[in-house]
>>> print(open('protein_11.txt').read())   # compact mmCIF, C-alpha atoms and all ligand atoms
# COMPACT_ATOMS: atom_id res chain seq x y z
CA MET Q 13 -34.31 -22.85 15.82
CA HIS Q 14 -31.08 -21.16 16.76
CA GLY Q 15 -29.45 -24.52 17.20
CA ARG Q 16 -30.46 -25.61 13.73
CA ARG Q 17 -29.21 -22.39 12.27
CA SER Q 18 -25.87 -22.79 13.99
CA ASN Q 19 -25.56 -26.32 12.70
CA ARG Q 20 -26.13 -25.05 9.20
CA LEU Q 21 -23.57 -22.35 9.83
CA ALA Q 22 -20.92 -24.82 10.96
CA ALA Q 23 -21.56 -27.00 7.97
CA ALA Q 24 -21.65 -24.22 5.42
CA PHE Q 25 -18.55 -22.26 6.33
CA VAL Q 26 -14.99 -23.38 6.19
CA LEU Q 27 -13.39 -20.21 7.51
CA PRO Q 28 -11.27 -21.43 10.44
CA ALA Q 29 -11.78 -18.29 12.46
CA LEU Q 30 -15.52 -18.60 12.23
CA ALA Q 31 -15.34 -22.23 13.22
CA ALA Q 32 -13.33 -21.10 16.21
CA ALA Q 33 -15.89 -18.43 16.93
CA CYS Q 34 -18.65 -20.98 16.87
CA MET Q 35 -16.72 -23.22 19.21
CA THR Q 36 -16.51 -20.55 21.83
CA THR Q 37 -19.99 -19.21 21.29
CA GLY Q 38 -21.43 -22.68 21.73
CA PRO Q 39 -22.78 -24.90 18.99
CA THR Q 40 -20.23 -26.05 16.47
CA GLY Q 41 -22.06 -28.90 14.77
CA PRO Q 42 -24.22 -31.89 15.35
CA ALA Q 43 -22.44 -32.88 18.56
CA ALA Q 44 -23.14 -29.54 20.16
CA GLY Q 45 -26.39 -28.87 18.41
CA SER Q 46 -28.53 -28.81 21.50
CA ARG Q 47 -26.89 -25.68 22.88
CA GLU Q 48 -28.38 -22.32 22.14
CA PRO Q 49 -26.17 -19.44 20.98
CA PRO Q 50 -25.89 -16.54 23.42
CA PRO Q 51 -28.37 -13.71 23.05
CA PRO Q 52 -27.31 -10.63 21.06
CA GLY Q 53 -24.94 -8.38 22.87
CA THR Q 54 -23.34 -11.09 24.95
CA PRO Q 55 -19.60 -10.49 25.11
CA VAL Q 56 -17.81 -13.55 23.84
CA ALA Q 57 -14.19 -14.53 24.33
CA LEU Q 58 -13.03 -15.93 21.04
CA SER Q 59 -9.98 -17.79 19.85
CA GLY Q 60 -8.68 -18.34 16.36
CA GLY Q 61 -8.50 -14.68 15.49
CA ALA Q 62 -12.22 -13.91 15.54
CA LEU Q 63 -12.76 -10.53 17.13
CA CYS Q 64 -16.43 -10.88 17.86
CA ALA Q 65 -19.43 -12.94 16.92
CA GLY Q 66 -23.09 -12.93 17.68
CA VAL Q 67 -26.57 -13.04 16.31
CA VAL Q 68 -27.71 -10.07 14.24
CA ALA Q 69 -31.32 -10.00 13.03
CA GLY Q 70 -31.61 -13.71 13.63
CA ARG Q 71 -28.45 -14.81 11.90
CA GLN Q 72 -24.92 -15.54 13.04
CA ILE Q 73 -22.32 -12.89 12.24
CA ALA Q 74 -18.59 -13.09 12.97
CA VAL Q 75 -15.83 -10.54 12.48
CA GLN Q 76 -12.21 -11.56 12.18
CA ALA Q 77 -8.94 -9.82 11.47
CA SER Q 78 -6.36 -12.57 11.50
CA PHE Q 79 -5.20 -12.46 7.88
CA ASP Q 80 -2.27 -10.81 6.13
CA ARG Q 81 -2.93 -7.05 5.97
CA ALA Q 82 -5.83 -7.18 8.42
CA ARG Q 83 -6.35 -4.37 10.89
CA ALA Q 84 -9.16 -4.15 13.42
CA SER Q 85 -8.26 -4.08 17.07
CA ARG Q 86 -11.51 -4.92 18.82
CA CYS Q 87 -15.13 -5.32 17.97
CA SER Q 88 -18.44 -5.81 19.65
CA ILE Q 89 -21.96 -6.55 18.56
CA GLY Q 90 -24.46 -4.48 20.48
CA ALA Q 91 -27.91 -5.45 21.63
CA ASP Q 92 -29.18 -3.42 18.67
CA GLY Q 93 -27.15 -5.63 16.32
CA VAL Q 94 -24.73 -2.87 15.39
CA ILE Q 95 -21.17 -4.11 14.85
CA GLU Q 96 -18.65 -1.67 16.23
CA VAL Q 97 -15.07 -2.12 15.08
CA LEU Q 98 -12.28 -0.28 16.83
CA ILE Q 99 -9.40 0.83 14.60
CA LEU Q 100 -6.15 1.57 16.44
CA PRO Q 101 -2.78 2.62 15.05
CA GLU Q 102 0.35 0.60 15.64
CA THR Q 103 1.97 3.49 17.53
CA ARG Q 104 1.27 7.06 18.57
CA PRO Q 105 1.53 9.77 17.56
CA ILE Q 106 1.14 8.82 13.92
CA ASN Q 107 0.30 10.24 10.54
CA ASP Q 108 -3.47 10.17 10.18
CA SER Q 109 -3.77 7.27 7.74
CA PRO Q 110 -6.09 4.82 9.50
CA TRP Q 111 -5.85 1.55 7.66
CA TYR Q 112 -8.52 -1.02 8.38
CA ALA Q 113 -9.29 -4.42 6.92
CA PHE Q 114 -11.46 -7.16 8.42
CA LYS Q 115 -13.76 -9.94 7.34
CA VAL Q 116 -17.40 -10.26 8.21
CA THR Q 117 -18.90 -13.71 7.87
CA ALA Q 118 -22.67 -13.89 7.68
CA GLU Q 119 -24.72 -17.01 8.00
CA ALA Q 120 -27.38 -15.65 5.69
CA ALA Q 121 -27.82 -12.61 3.48
CA GLY Q 122 -29.15 -9.42 4.98
CA PRO Q 123 -28.24 -5.94 6.16
CA VAL Q 124 -25.65 -5.21 8.82
CA THR Q 125 -24.68 -1.91 10.33
CA VAL Q 126 -20.97 -1.47 10.95
CA VAL Q 127 -19.44 1.41 12.86
CA LEU Q 128 -15.74 2.12 12.38
CA ARG Q 129 -14.47 3.82 15.49
CA TYR Q 130 -11.02 5.38 15.30
CA GLN Q 131 -8.57 6.17 18.05
CA GLY Q 132 -5.39 8.02 17.21
CA GLY Q 133 -6.76 9.10 13.85
CA THR Q 134 -9.84 10.14 11.93
CA HIS Q 135 -11.84 8.65 9.10
CA ARG Q 136 -9.93 9.02 5.86
CA TYR Q 137 -10.45 6.04 3.54
CA ALA Q 138 -13.88 5.44 2.08
CA PRO Q 139 -14.77 1.77 2.73
CA LYS Q 140 -14.55 -0.87 0.03
CA THR Q 141 -15.85 -4.41 0.05
CA SER Q 142 -14.79 -7.59 -1.67
CA ARG Q 143 -16.17 -11.09 -1.81
CA ASP Q 144 -13.09 -12.72 -3.30
CA GLY Q 145 -10.21 -10.41 -2.37
CA GLN Q 146 -9.73 -9.58 -6.05
CA THR Q 147 -12.68 -7.46 -7.09
CA TRP Q 148 -13.49 -4.49 -4.91
CA THR Q 149 -16.52 -2.26 -4.74
CA ALA Q 150 -16.67 1.13 -3.06
CA VAL Q 151 -19.47 1.33 -0.55
CA ASP Q 152 -22.08 3.77 -1.81
CA PRO Q 153 -21.19 7.05 -0.06
CA ALA Q 154 -24.90 7.57 0.60
CA LEU Q 155 -24.75 4.55 2.92
CA VAL Q 156 -21.81 5.91 4.93
CA SER Q 157 -22.23 8.63 7.52
CA VAL Q 158 -19.15 10.15 9.10
CA ALA Q 159 -19.32 11.80 12.52
CA SER Q 160 -18.71 15.54 12.49
CA ASP Q 161 -15.43 15.04 14.35
CA GLU Q 162 -14.54 12.19 11.93
CA SER Q 163 -13.92 9.83 14.84
CA GLN Q 164 -16.51 7.37 13.52
CA ALA Q 165 -17.96 6.21 10.24
CA ARG Q 166 -21.22 4.28 10.20
CA MET Q 167 -22.42 2.22 7.27
CA THR Q 168 -25.27 -0.14 6.59
CA LEU Q 169 -24.30 -2.85 4.16
CA SER Q 170 -26.36 -5.46 2.45
CA LEU Q 171 -24.20 -8.53 2.98
CA GLU Q 172 -24.49 -11.75 1.09
CA ALA Q 173 -24.11 -15.03 2.92
CA GLY Q 174 -20.49 -16.00 3.44
CA VAL Q 175 -17.39 -13.87 3.82
CA THR Q 176 -17.15 -10.21 2.89
CA THR Q 177 -13.92 -8.27 3.38
CA ILE Q 178 -14.28 -4.64 4.35
CA ALA Q 179 -11.16 -2.52 3.91
CA ALA Q 180 -9.86 1.01 3.64
CA GLN Q 181 -8.55 0.31 0.15
CA PRO Q 182 -8.27 -2.68 -2.17
CA PHE Q 183 -5.17 -4.48 -1.06
CA GLU Q 184 -2.67 -7.16 -1.84
CA THR Q 185 0.01 -8.81 0.26
CA ALA Q 186 3.72 -8.15 -0.09
CA ALA Q 187 4.12 -11.53 -1.75
CA GLN Q 188 1.44 -10.68 -4.29
CA SER Q 189 3.08 -7.33 -5.02
CA LEU Q 190 6.41 -9.00 -5.66
CA ALA Q 191 4.92 -11.86 -7.69
CA ARG Q 192 3.77 -9.27 -10.22
CA TRP Q 193 7.36 -9.05 -11.44
CA ASP Q 194 7.92 -12.80 -11.82
CA PRO Q 195 7.10 -12.81 -15.55
CA PHE Q 196 9.70 -10.11 -16.10
CA VAL Q 197 12.29 -12.14 -14.23
CA ALA Q 198 11.31 -15.19 -16.27
CA ASP Q 199 11.85 -13.41 -19.59
CA GLY Q 200 15.12 -11.79 -18.52
CA ARG Q 201 14.00 -8.17 -18.35
CA LEU Q 202 14.58 -8.16 -14.60
CA THR Q 203 16.82 -9.93 -12.15
CA ARG Q 204 15.73 -10.46 -8.58
CA GLN Q 205 17.89 -10.25 -5.49
CA THR Q 206 17.46 -10.19 -1.74
CA PHE Q 207 19.31 -7.26 -0.23
CA GLY Q 208 18.45 -7.56 3.43
CA ALA Q 209 15.73 -8.48 5.87
CA SER Q 210 13.00 -6.60 7.65
CA VAL Q 211 12.72 -6.29 11.44
CA ARG Q 212 10.78 -9.54 11.44
CA GLY Q 213 13.21 -11.26 9.11
CA VAL Q 214 11.21 -11.02 5.91
CA PRO Q 215 13.54 -10.87 2.90
CA LEU Q 216 13.77 -7.47 1.24
CA VAL Q 217 13.60 -7.89 -2.51
CA ALA Q 218 15.01 -5.68 -5.25
CA LEU Q 219 14.66 -6.10 -8.98
CA ALA Q 220 17.00 -4.68 -11.59
CA THR Q 221 17.28 -4.48 -15.34
CA PRO Q 222 20.44 -6.02 -16.83
CA GLY Q 223 21.58 -2.52 -17.68
CA GLU Q 224 23.71 -3.47 -20.68
CA GLY Q 225 25.21 -0.25 -22.00
CA ALA Q 226 23.53 1.82 -19.32
CA ALA Q 227 25.70 4.36 -17.53
CA HIS Q 228 23.21 5.43 -14.88
CA THR Q 229 20.64 4.06 -12.49
CA LEU Q 230 17.11 5.17 -11.76
CA VAL Q 231 15.89 4.00 -8.35
CA LEU Q 232 12.17 3.43 -7.84
CA VAL Q 233 10.84 2.76 -4.35
CA GLY Q 234 7.39 1.61 -3.29
CA ARG Q 235 5.30 0.69 -0.28
CA GLN Q 236 7.16 2.39 2.54
CA HIS Q 237 3.78 3.37 3.97
CA PRO Q 238 1.42 0.40 4.13
CA ALA Q 239 -1.88 2.22 3.77
CA GLU Q 240 -0.89 4.09 0.60
CA THR Q 241 -2.45 1.89 -2.01
CA THR Q 242 -2.95 4.28 -4.90
CA GLY Q 243 0.76 5.12 -4.89
CA ALA Q 244 1.48 1.43 -5.24
CA GLU Q 245 -0.80 1.31 -8.28
CA ALA Q 246 1.20 4.15 -9.81
CA PHE Q 247 4.51 2.43 -9.01
CA ASP Q 248 3.40 -0.69 -10.84
CA ALA Q 249 2.11 1.15 -13.90
CA PHE Q 250 5.16 3.44 -14.07
CA VAL Q 251 7.57 0.51 -13.98
CA MET Q 252 5.50 -1.58 -16.39
CA ARG Q 253 5.77 1.22 -18.94
CA LEU Q 254 9.56 1.39 -18.55
CA LEU Q 255 9.74 -2.36 -19.17
CA GLU Q 256 7.77 -2.46 -22.41
CA HIS Q 257 9.27 -3.57 -25.74
CA ASP Q 258 8.67 -0.41 -27.79
CA PRO Q 259 11.68 1.51 -29.18
CA LEU Q 260 11.47 4.27 -26.57
CA ALA Q 261 11.56 1.90 -23.61
CA VAL Q 262 14.23 -0.31 -25.14
CA ALA Q 263 16.44 2.70 -25.89
CA PHE Q 264 15.81 4.09 -22.42
CA ARG Q 265 16.87 0.89 -20.71
CA GLY Q 266 20.03 0.96 -22.79
CA ARG Q 267 20.86 4.28 -21.19
CA VAL Q 268 19.48 3.90 -17.69
CA ALA Q 269 19.41 0.78 -15.54
CA LEU Q 270 16.45 0.37 -13.21
CA LEU Q 271 16.74 -0.56 -9.56
CA LEU Q 272 13.28 -1.38 -8.19
CA VAL Q 273 12.29 -1.85 -4.57
CA PRO Q 274 8.55 -2.55 -4.82
CA VAL Q 275 7.99 -3.33 -1.12
CA LEU Q 276 10.31 -1.64 1.36
CA ASN Q 277 8.05 -2.22 4.38
CA PRO Q 278 6.79 -5.82 4.20
CA ASP Q 279 6.25 -6.07 7.97
CA GLY Q 280 4.09 -2.98 8.16
CA LEU Q 281 2.12 -4.15 5.16
CA SER Q 282 1.52 -7.59 6.62
CA ALA Q 283 0.53 -6.27 10.05
CA GLY Q 284 -1.96 -3.81 8.61
CA HIS Q 285 0.01 -0.86 9.94
CA TRP Q 286 -1.14 2.64 9.21
CA ARG Q 287 2.33 3.99 8.60
CA THR Q 288 5.37 2.35 10.18
CA ASN Q 289 7.60 -0.71 10.16
CA ALA Q 290 7.54 -3.38 12.88
CA ASN Q 291 9.52 -1.10 15.20
CA GLY Q 292 6.85 1.55 14.93
CA ILE Q 293 9.17 3.82 12.95
CA ASP Q 294 8.23 5.79 9.85
CA LEU Q 295 10.78 4.51 7.33
CA ASN Q 296 10.47 7.63 5.22
CA ARG Q 297 11.98 9.67 8.03
CA ASP Q 298 14.97 7.35 8.39
CA TRP Q 299 16.89 7.87 5.13
CA GLY Q 300 20.45 8.86 5.94
CA ILE Q 301 19.84 8.03 9.59
CA TRP Q 302 19.65 4.31 8.89
CA ALA Q 303 18.33 3.28 12.29
CA GLN Q 304 16.00 0.71 10.74
CA PRO Q 305 17.05 -2.48 8.96
CA GLU Q 306 14.86 -1.80 5.93
CA THR Q 307 16.20 1.68 5.23
CA ARG Q 308 19.77 0.72 6.16
CA ALA Q 309 19.67 -2.13 3.67
CA VAL Q 310 18.22 -0.07 0.86
CA GLY Q 311 20.78 2.67 1.52
CA GLN Q 312 23.60 0.16 1.24
CA LEU Q 313 22.08 -1.28 -1.93
CA ILE Q 314 21.79 2.14 -3.54
CA GLU Q 315 25.34 3.11 -2.51
CA ALA Q 316 26.71 -0.10 -4.01
CA THR Q 317 24.73 0.39 -7.21
CA HIS Q 318 25.94 3.97 -7.45
CA GLN Q 319 29.55 2.73 -7.58
CA THR Q 320 28.83 0.93 -10.86
CA ARG Q 321 26.20 3.13 -12.44
CA PRO Q 322 25.74 6.53 -10.77
CA LEU Q 323 22.23 7.49 -9.82
CA ILE Q 324 20.30 9.66 -12.25
CA GLY Q 325 17.13 9.81 -10.19
CA LEU Q 326 15.13 8.45 -7.28
CA ILE Q 327 11.35 8.31 -7.38
CA ASP Q 328 9.44 7.20 -4.29
CA PHE Q 329 5.74 6.36 -4.64
CA HIS Q 330 3.17 7.32 -1.98
CA SER Q 331 -0.45 8.37 -1.49
CA THR Q 332 -1.96 11.41 0.13
CA ARG Q 333 -5.19 13.40 -0.03
CA ARG Q 334 -4.62 14.44 -3.66
CA ASP Q 335 -2.37 13.89 -6.63
CA VAL Q 336 0.82 15.93 -6.13
CA ILE Q 337 4.50 15.63 -6.94
CA TYR Q 338 7.01 16.74 -4.33
CA ALA Q 339 10.34 17.71 -5.83
CA MET Q 340 13.35 19.86 -5.14
CA PRO Q 341 13.58 23.56 -5.97
CA ALA Q 342 14.17 24.06 -9.68
CA ALA Q 343 17.49 25.87 -9.34
CA ASP Q 344 19.73 22.96 -8.51
CA PRO Q 345 23.43 23.78 -8.90
CA LEU Q 346 24.33 20.14 -8.56
CA TYR Q 347 22.09 19.20 -11.40
CA PRO Q 348 22.49 21.77 -14.19
CA GLN Q 349 20.79 19.58 -16.76
CA GLY Q 350 17.55 19.84 -14.84
CA LEU Q 351 16.30 16.39 -15.78
CA ALA Q 352 13.42 16.48 -13.32
CA GLU Q 353 12.26 19.85 -14.55
CA ASP Q 354 12.42 18.68 -18.16
CA TRP Q 355 10.44 15.60 -17.14
CA PHE Q 356 7.72 17.67 -15.46
CA ALA Q 357 7.44 20.01 -18.44
CA ARG Q 358 7.01 17.10 -20.86
CA TRP Q 359 4.54 15.40 -18.53
CA GLN Q 360 2.41 18.52 -18.21
CA ALA Q 361 2.53 19.12 -21.97
CA VAL Q 362 1.00 15.70 -22.58
CA ALA Q 363 -1.37 15.39 -19.63
CA GLY Q 364 -2.52 18.99 -19.43
CA PRO Q 365 -4.82 19.62 -16.48
CA ALA Q 366 -4.64 15.91 -15.55
CA ALA Q 367 -0.97 16.33 -14.64
CA PRO Q 368 -0.45 16.66 -10.90
CA PRO Q 369 0.84 19.94 -9.47
CA ILE Q 370 4.56 20.07 -8.69
CA GLN Q 371 5.53 21.31 -5.24
CA ARG Q 372 9.21 22.12 -4.90
CA ARG Q 373 10.64 22.17 -1.42
CA PHE Q 374 13.88 21.14 0.19
CA ASP Q 375 12.49 19.71 3.40
CA ASP Q 376 15.68 18.83 5.24
CA ASP Q 377 13.66 18.62 8.44
CA GLN Q 378 12.41 15.28 7.14
CA MET Q 379 14.95 12.65 6.24
CA ASN Q 380 12.84 11.09 3.52
CA SER Q 381 14.17 9.42 0.40
CA LYS Q 382 13.88 12.58 -1.67
CA THR Q 383 15.82 14.69 0.78
CA TRP Q 384 18.51 12.07 1.20
CA SER Q 385 18.97 11.69 -2.56
CA ARG Q 386 19.52 15.42 -2.80
CA ILE Q 387 21.97 15.58 0.10
CA ARG Q 388 23.87 12.46 -0.86
CA PHE Q 389 23.85 12.59 -4.67
CA GLY Q 390 22.71 16.09 -5.57
CA LEU Q 391 19.63 14.68 -7.26
CA SER Q 392 16.22 16.21 -7.49
CA GLY Q 393 14.57 13.26 -5.82
CA VAL Q 394 10.85 12.98 -6.32
CA THR Q 395 8.03 11.86 -4.06
CA TYR Q 396 5.25 10.76 -6.36
CA GLU Q 397 1.97 11.13 -4.45
CA VAL Q 398 -1.35 9.81 -5.69
CA GLY Q 399 -4.65 10.90 -4.18
CA ASP Q 400 -6.40 8.44 -1.86
CA ASP Q 401 -9.52 8.60 -3.99
CA THR Q 402 -7.83 8.62 -7.38
CA ALA Q 403 -9.32 5.66 -9.22
CA PRO Q 404 -6.80 2.89 -9.86
CA ALA Q 405 -7.30 3.16 -13.63
CA THR Q 406 -6.63 6.89 -13.46
CA ALA Q 407 -3.55 6.43 -11.29
CA ARG Q 408 -2.25 3.89 -13.77
CA ALA Q 409 -3.00 6.01 -16.84
CA ASN Q 410 -1.27 9.02 -15.29
CA ALA Q 411 1.73 6.92 -14.30
CA ARG Q 412 2.12 5.66 -17.86
CA ILE Q 413 2.25 9.23 -19.15
CA ALA Q 414 4.69 10.11 -16.40
CA ALA Q 415 6.93 7.18 -17.33
CA GLU Q 416 6.88 8.05 -21.04
CA SER Q 417 7.69 11.67 -20.26
CA TYR Q 418 10.54 10.60 -18.04
CA MET Q 419 12.00 8.37 -20.73
CA GLN Q 420 11.72 11.14 -23.31
CA ALA Q 421 13.49 13.55 -20.98
CA VAL Q 422 16.33 11.07 -20.51
CA MET Q 423 16.57 10.37 -24.23
CA SER Q 424 16.84 14.12 -24.93
CA LEU Q 425 20.07 14.30 -22.93
CA SER Q 426 23.26 14.21 -24.94
CA ALA Q 427 25.67 11.31 -24.72
CA GLN Q 428 28.12 13.64 -22.99
CA GLN Q 429 25.56 14.50 -20.35
CA LEU Q 430 24.97 10.83 -19.78
CA SER Q 431 28.58 9.70 -19.75
CA PRO Q 432 29.96 8.61 -16.38
CA THR Q 433 32.27 11.65 -16.27
CA GLY Q 434 29.42 13.97 -17.13
CA SER Q 435 27.31 12.37 -14.48
CA PRO Q 436 24.35 14.52 -13.62
CA ALA Q 437 24.60 12.97 -10.23
CA GLY Q 438 27.71 15.08 -9.76
CA SER Q 439 29.30 12.40 -7.68
ZN ZN H 501 3.73 8.05 2.25
>>> encode(input="protein_11.txt", output="structure tokens", more="lines below")
Ligand SMILES: [Zn+2]
Amino acid sequence: MHGRRSNRLAAAFVLPALAAACMTTGPTGPAAGSREPPPPGTPVALSGGALCAGVVAGRQIAVQASFDRARASRCSIGADGVIEVLILPETRPINDSPWYAFKVTAEAAGPVTVVLRYQGGTHRYAPKTSRDGQTWTAVDPALVSVASDESQARMTLSLEAGVTTIAAQPFETAAQSLARWDPFVADGRLTRQTFGASVRGVPLVALATPGEGAAHTLVLVGRQHPAETTGAEAFDAFVMRLLEHDPLAVAFRGRVALLLVPVLNPDGLSAGHWRTNANGIDLNRDWGIWAQPETRAVGQLIEATHQTRPLIGLIDFHSTRRDVIYAMPAADPLYPQGLAEDWFARWQAVAGPAAPPIQRRFDDDQMNSKTWSRIRFGLSGVTYEVGDDTAPATARANARIAAESYMQAVMSLSAQQLSPTGSPAGS
């Protein structure tokens, strides 16, 4: 019976990792059909990226984490059929943002119990599942129990036959994030350039508006921290609004050129890192230090851009436990026009209670993008944080309001304030 089931499994699934799993667990098809799979709980050495495989409630189950953005370090299937997945960070100590993403392939539909076990962090992201990598569903919180010390989360899922991805957040690859801007490059609203390479040699891509007539540059940075998905949603929606064809956006782009860096940490993203680049360094502590190729390259790009069109702002998109905007203290002698403060006031006037709180702090103990922009250019740099559990649609709606408010704040400045000599950047 088990042999027949395994034959069906080999025939029905094309996932290479599962095929590899079957090869090492025994039967792979008609030629090997006489061999029985190992009993539940048998440790299995697997190749092809499969972390573990075994029989759960009479059906073959395999777990793999060998795809772009995957993270699961080890797994085992116990005699009780419980799948335990170990989630490790890329380095320690580390910010507690335990990213996980793995695929479970089931021979037939039925329930499975999965335990996420964390080392170096605690449960933070409520699990989501996807069948196609496009549409994601949050696991019913009633089906997830988190240990009191948050070192484990246990969930019982009703899996369909085939592949189900389980992840900390809906995700896309760096290539997918960048491809979003292809239509804008095609219609001339953006130009695309490579400005450097990551630790692993992945091209770093920036996009810019033509900037005809524009005297200043707004820099927008995304995806320094791989796990911070909701911030990436906000980045996309914010930029999309700035690129629309309505009179406000068109006039804004005639005043301010955009320099976009949608994915500053492609290696960390691809490797399923919690926080860092391929060197295990938090890029958002390296601005002005420039010890990492990604930050060094973006610093050089911004400096070069500043020579042509001085910076008017830098907004860096992230995620944290709640929606919050980190900015500089309001009294900024280098920036008497107070553009950021005007922006926040307009934003709050429109969004009301939905507007995120503004926290103003000059945290020069952390060389993040915001701090560097203040030290280097006298700007009130902004870290735009979106809550982990903020729904994507909400993050996007809020970002659109934020972008409109920003454009209105810029358009309220006088021509003198925006002239190169009256540069608010004070350079
Ligand atoms: Zn972050």
>>> residues_near_ligand(input="protein_11.txt", ligand="ligand ZN 501 (chain H)", cutoff="12 Å", atoms="only C-alpha atoms and all ligand atoms", output="MDAnalysis selection string")
chainID Q and resid 106:109 233:244 276:277 286:288 294:297 328:333 336:338 380:382 395:400
>>> write_last_selection(input="protein_11.txt", atoms="C-alpha atoms", output="JSON list (two decimals), keeping the file's coordinate frame")
[["chain", "number", "residue", "atom", "x", "y", "z"],
["Q", 106, "ILE", "CA", 1.14, 8.82, 13.92],
["Q", 107, "ASN", "CA", 0.30, 10.24, 10.54],
["Q", 108, "ASP", "CA", -3.47, 10.17, 10.18],
["Q", 109, "SER", "CA", -3.77, 7.27, 7.74],
["Q", 233, "VAL", "CA", 10.84, 2.76, -4.35],
["Q", 234, "GLY", "CA", 7.39, 1.61, -3.29],
["Q", 235, "ARG", "CA", 5.30, 0.69, -0.28],
["Q", 236, "GLN", "CA", 7.16, 2.39, 2.54],
["Q", 237, "HIS", "CA", 3.78, 3.37, 3.97],
["Q", 238, "PRO", "CA", 1.42, 0.40, 4.13],
["Q", 239, "ALA", "CA", -1.88, 2.22, 3.77],
["Q", 240, "GLU", "CA", -0.89, 4.09, 0.60],
["Q", 241, "THR", "CA", -2.45, 1.89, -2.01],
["Q", 242, "THR", "CA", -2.95, 4.28, -4.90],
["Q", 243, "GLY", "CA", 0.76, 5.12, -4.89],
["Q", 244, "ALA", "CA", 1.48, 1.43, -5.24],
["Q", 276, "LEU", "CA", 10.31, -1.64, 1.36],
["Q", 277, "ASN", "CA", 8.05, -2.22, 4.38],
["Q", 286, "TRP", "CA", -1.14, 2.64, 9.21],
["Q", 287, "ARG", "CA", 2.33, 3.99, 8.60],
["Q", 288, "THR", "CA", 5.37, 2.35, 10.18],
["Q", 294, "ASP", "CA", 8.23, 5.79, 9.85],
["Q", 295, "LEU", "CA", 10.78, 4.51, 7.33],
["Q", 296, "ASN", "CA", 10.47, 7.63, 5.22],
["Q", 297, "ARG", "CA", 11.98, 9.67, 8.03],
["Q", 328, "ASP", "CA", 9.44, 7.20, -4.29],
["Q", 329, "PHE", "CA", 5.74, 6.36, -4.64],
["Q", 330, "HIS", "CA", 3.17, 7.32, -1.98],
["Q", 331, "SER", "CA", -0.45, 8.37, -1.49],
["Q", 332, "THR", "CA", -1.96, 11.41, 0.13],
["Q", 333, "ARG", "CA", -5.19, 13.40, -0.03],
["Q", 336, "VAL", "CA", 0.82, 15.93, -6.13],
["Q", 337, "ILE", "CA", 4.50, 15.63, -6.94],
["Q", 338, "TYR", "CA", 7.01, 16.74, -4.33],
["Q", 380, "ASN", "CA", 12.84, 11.09, 3.52],
["Q", 381, "SER", "CA", 14.17, 9.42, 0.40],
["Q", 382, "LYS", "CA", 13.88, 12.58, -1.67],
["Q", 395, "THR", "CA", 8.03, 11.86, -4.06],
["Q", 396, "TYR", "CA", 5.25, 10.76, -6.36],
["Q", 397, "GLU", "CA", 1.97, 11.13, -4.45],
["Q", 398, "VAL", "CA", -1.35, 9.81, -5.69],
["Q", 399, "GLY", "CA", -4.65, 10.90, -4.18],
["Q", 400, "ASP", "CA", -6.40, 8.44, -1.86]]
>>> residues_around(input="protein_11.txt", residues="Ala246 (chain Q)", least_positions_apart="2", cutoff="6 Å", atoms="only C-alpha atoms", output="JSON, numbers by chain")
{"Q": [243, 244, 248, 249, 250, 407, 408, 411]}
>>> atom_distance(input="protein_11.txt", atom1="CA of Leu391 (chain Q)", atom2="CA of Asp354 (chain Q)")
13.7 Å
>>> atom_distance(input="protein_11.txt", atom1="CA of Gly70 (chain Q)", atom2="CA of Glu119 (chain Q)")
9.5 Å
>>> closest_residue(input="protein_11.txt", among="Q:Thr141, Q:Gln319, Q:Thr125, Q:Thr103", to="Leu155 (chain Q)", atoms="all atoms listed in the file")
Q:Thr125
>>> atom_distance(input="protein_11.txt", atom1="CA of Pro222 (chain Q)", atom2="CA of Leu323 (chain Q)")
15.3 Å
>>> closest_residue(input="protein_11.txt", among="Q:Asp335, Q:Asp92, Q:Glu353, Q:Glu306", to="Phe207 (chain Q)", atoms="all atoms listed in the file")
Q:Glu306
>>> residues_around(input="protein_11.txt", residues="region 202-205 of chain Q", least_positions_apart="5", cutoff="6 Å", atoms="all atoms listed in the file", output="JSON, numbers by chain")
{"Q": [196, 197, 217, 218, 219, 220, 221]}
>>> residues_around(input="protein_11.txt", residues="Pro305 (chain Q)", least_positions_apart="2", cutoff="9 Å", atoms="all atoms listed in the file", output="list in words")
Gly208, Ala209, Ser210, Val211, Trp302, Ala303, Thr307, Arg308, Ala309 and Val310 of chain Q
>>> residues_around(input="protein_11.txt", residues="region 136-140 of chain Q", least_positions_apart="3", cutoff="6 Å", atoms="all atoms listed in the file", output="PyMOL selection string")
chain Q and resi 149-151+178-180
>>> closest_residue(input="protein_11.txt", among="Q:Ser85, Q:Asn410, Q:Thr402, Q:Thr176", to="Ser142 (chain Q)", atoms="all atoms listed in the file")
Q:Thr176
>>> closest_residue(input="protein_11.txt", among="Q:Lys115, Q:Arg143, Q:Ile99, Q:Ala316", to="Tyr130 (chain Q)", atoms="only C-alpha atoms")
Q:Ile99
>>> residues_around(input="protein_11.txt", residues="Arg412 (chain Q)", least_positions_apart="4", cutoff="12 Å", atoms="all atoms listed in the file", output="list of chain:residue names")
Q:Glu245, Q:Ala246, Q:Phe247, Q:Asp248, Q:Ala249, Q:Phe250, Q:Val251, Q:Met252, Q:Arg253, Q:Leu254, Q:Leu255, Q:Glu256, Q:Ala261, Q:Trp359, Q:Val362, Q:Ala363, Q:Ala367, Q:Ala405, Q:Thr406, Q:Ala407, Q:Arg408, Q:Glu416, Q:Ser417, Q:Tyr418, Q:Met419
>>> closest_residue(input="protein_11.txt", among="Q:Ala339, Q:Ile314, Q:Val268, Q:Ala191", to="Glu224 (chain Q)", atoms="only C-alpha atoms")
Q:Val268
